[in-house]
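Inspection log for the structure reproduced underneath, given as structure tokens.
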Amino acid sequence: MKLHLKNKIFRILCLPLLFISCSSDLDFNQVDDFKLEPIFVGNLVYFDVPANQFFDNGAEQSIAFDAQEFDVFKNKFFKDNLVKAEFNFEITNTINRAFTISLLLLDNNDQQLQTLRYKAPAYSGTLTVLQFNEIFENQRLDLLKQTTKLAFLINLKAGPPLNENTTGTLKLRSSATAYTEIK
């Protein structure tokens, strides 16, 4: 019986301790400082043009790719939350001829907003992979947000003549990194 009495006393004394807790004042204004900064990475453009495509009907020619839709900024999320964008290009030329590659950023009316130009030197027996980065911030980012189409123009530079048997390729790989901020 003494054990039962001790258990009751123990319960009566300990039970109130279960309802005592520590707390601090909650600051709901902290939500105003909340900020997410997701980063998105995706492929932009890729091409691999064989040397013989620069030769047609007995003559050398530059190549222009049709303007392709670039509808990233139709998405309201990117238009409203993008704070910085970075384009990364990797060019490999195994043709014994130099090239200039131009990327045209166009608006809805096919007006040029920006032109990015890259030089690919002629292949000299040693494989060279060129890397270029373009960063879009502030005014340049505003122009990028107006872009609705991308077009490429590949211009041949002076050098040894090309023909239907010329070997090698001109490759371009590119990606885009989008930095967003959600408040």
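In the structure tokens, each chain is lettered A, B, ... as it comes, each chain's residues begin at 1, and ligands are numbered from 1 in order of appearance.
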
DSSP strand (DSSP E or B) residues within chain A, listed as a PyMOL selection string:
chain A and resi 36+39-50+55-56+59-60+63-69+82-93+99-106+112-120+129-136+149-156+169-180+182

Quick one: residues within 8 Å of Thr167 (chain A), only C-alpha atoms, excluding same-chain residues fewer than 5 positions away - as a PyMOL selection string?
chain A and resi 50-52+94-95

Interatomic distance between CA of Asp110 (chain A) and CA of Leu44 (chain A)?
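Distance reported for this atom pair: 19.2 Å.
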
Close residues, region 127-129 of chain A itself excluded, 8 Å, only C-alpha atoms, min 2 positions apart in chain, as a PDB file with C-alpha atoms, in the first residue's frame:
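What landed in part16.pdb:
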ATOM      1  CA  GLU A  90      31.953  25.083 -76.412  1.00  0.00           C
ATOM      2  CA  ILE A  91      33.294  25.157 -79.986  1.00  0.00           C
ATOM      3  CA  THR A  92      35.410  22.456 -81.614  1.00  0.00           C
ATOM      4  CA  ASN A  93      36.705  22.952 -85.159  1.00  0.00           C
ATOM      5  CA  THR A  94      38.428  20.056 -86.964  1.00  0.00           C
ATOM      6  CA  TYR A 123      42.323  23.170 -87.288  1.00  0.00           C
ATOM      7  CA  SER A 124      46.087  22.707 -87.294  1.00  0.00           C
ATOM      8  CA  GLY A 125      46.392  19.077 -86.228  1.00  0.00           C
ATOM      9  CA  GLN A 131      34.972  27.885 -74.317  1.00  0.00           C
TER      10      GLN A 131
END

I'd like to know which residues of region 5-146 of chain A are helix (DSSP H, G or I) (by DSSP, run on the backbone); could you write them as a PyMOL selection string?
chain A and resi 5-18+28-33+51-54+72-74+76-81+138-145

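Residues surrounding Glu134 (chain A) within 8 Å are Glu86, Phe87 and Asn88 of chain A [only C-alpha atoms; sequence separation below 5 positions excluded].
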
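CA of Ala120 (chain A) sits 10.2 Å away from CA of Leu172 (chain A).
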
Exercise: region 32-42 of chain A partners within 10 Å, only C-alpha atoms, chain neighbours under 6 positions left out, as a PyMOL selection string
chain A and resi 81-87+174-183

Measuring between only C-alpha atoms, which one of A:Asn163, A:Ile154, A:Thr169, A:Lys145 shows the shortest distance to Phe73 (chain A)?
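With only C-alpha atoms as the atom set, the closest residue is A:Lys145.
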
Which residue is closest to Gln139 (chain A)? Choose from A:Gln114, A:Asn165, A:Thr100, A:Gln53 and count only C-alpha atoms.
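Closest candidate: A:Gln114.
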
Which is closest to Phe132 (chain A) among A:Phe89, A:Thr148, A:Asn96, A:Lys171, if we use only C-alpha atoms?
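Nearest to Phe132 (chain A): A:Phe89.
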
With distances taken over only C-alpha atoms, which residue among A:Glu137, A:Leu156, A:Asn57, A:Asp107 lies nearest Pro121 (chain A)?
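Residue with the minimum atom-to-atom distance to Pro121 (chain A): A:Leu156.
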